[in-house]
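Remarks on the structure that follows.
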Amino acid sequence: MLRIFDARSGEPIDVRPGLVRVHAHVTAADTSALRVLLTADVLARALEMGGTPVVTVAAPTPALRARADELGIRPAEPDAPGVGRVLHVVGGQDTAPDGVRVEVAPVTGPAGTAAPASAVRLALLAQGRRQPVDLGAAALAEARDTLDRWRAAVAGWATRPSRPVPAEVREALRTAWEDDLDVPAVLATLRRVEAADDMPDGARFEAYAYADRLLGLELTREIGASA
């Protein structure tokens with residue numbers, strides 16, 4: 001069961017089974033607003049992976065929606081009044097109606113970048129949502145290098161006999177994202193899988209494919225590219 005920290009009450013909240021509305025509150029079109037949409041997207045994915053039905057609600061400007069599309073952030077409904085329990089995903093200075101408030105820290109750095117959209121997505125996910133992100137050249141270069149390495153590794157692992165995700169790896173991944181949407185801990189688990197000497201390549205592949213259902217980084221994109 002996912003447990004999320006409510007910035008309004010200061011207490012952790014268990015999101016129990018039942019329809020949930022994830023409402024991303026955005027008014028600007030800057031990268032901080034983009035991070036709010038991304039957090040709502042990953043939160044919805046985490047709930048869905050636990051079997052919870054989700055409606056995502058947001059009304060971004062056309063410019064922000066275009067940037068969200070580039071990052072693979074799934075489209076949301078413009079409104080869904082009265083549907084399920086509500087989790088309000090907001091920027092630090094934004095207000096929201098009564099309910100659980102999932103706060104997202106701002107982003108600093110250049111307004112535009114030539115980095116691939118998936119590298120921007122990873123750079124935004126690499127820090128916990130309550131920590132500010134500096135989307136500078138160093139962070140984007142590290143994200144791009146990590147994606148290149150992981151995609152190449154996943155493509156290689158995909159050629160090996162399939163093996164199930166090890167139980168301890170699956171548990172570590174789920175424990176991470178169900179603990180206040182701790183995406184950095186998910187990424188740390190993938191790094192341990194990458195470095196493990198005693199894990200079959202087929203199991204590594206399945207672990208990365210499983211985690212990517214949450215991350216949305218297209219980690220399997222290079223499979224068959226060199227065939």
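FYI, nothing fancy with the structure tokens labels: chains A, B, ... in order, residues from 1 per chain, ligands from 1 as they appear.
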Residues near region 167-177 of chain A, anyone? I mean within 12 Å using only C-alpha atoms, not counting same-chain ones fewer than 3 positions away, as an NGL selection string.
:A and (1-4 or 39 or 42-50 or 125 or 128-129 or 163-164 or 180-194 or 196 or 199 or 203-204 or 206-215)
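With only C-alpha atoms as the atoms that count, the minimum distance from Ala59 (chain A) to the choices A:Arg74, A:Arg144, A:Arg160, A:His23 is reached by A:His23.
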Residue contacts of Pro161 (chain A) (9 Å, only C-alpha atoms) excluding same-chain residues fewer than 5 positions away, as a list of chain:residue names:
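Within the cut-off, the hits are A:Pro200, A:Asp201, A:Gly202, A:Ala203.
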Write the residues of the preceding selection, restricted to N, CA and C atoms, as a PDB file, in the first residue's frame.
```pdb
ATOM      1  N   PRO A 200      21.530 -13.317 -12.913  1.00  0.00           N
ATOM      2  CA  PRO A 200      21.455 -13.625 -14.351  1.00  0.00           C
ATOM      3  C   PRO A 200      21.011 -12.406 -15.149  1.00  0.00           C
ATOM      4  N   ASP A 201      21.563 -12.267 -16.352  1.00  0.00           N
ATOM      5  CA  ASP A 201      21.215 -11.114 -17.179  1.00  0.00           C
ATOM      6  C   ASP A 201      19.726 -11.056 -17.495  1.00  0.00           C
ATOM      7  N   GLY A 202      19.103 -12.241 -17.653  1.00  0.00           N
ATOM      8  CA  GLY A 202      17.666 -12.251 -17.918  1.00  0.00           C
ATOM      9  C   GLY A 202      16.866 -11.663 -16.766  1.00  0.00           C
ATOM     10  N   ALA A 203      17.328 -11.861 -15.544  1.00  0.00           N
ATOM     11  CA  ALA A 203      16.658 -11.287 -14.377  1.00  0.00           C
ATOM     12  C   ALA A 203      16.885  -9.781 -14.310  1.00  0.00           C
TER      13      ALA A 203
END
```
Give me every strand (DSSP E) residue in region 39-147 of chain A, going by DSSP on the backbone, as a PyMOL selection string.
chain A and resi 54-57+85-91+100-104+107-108+133-134
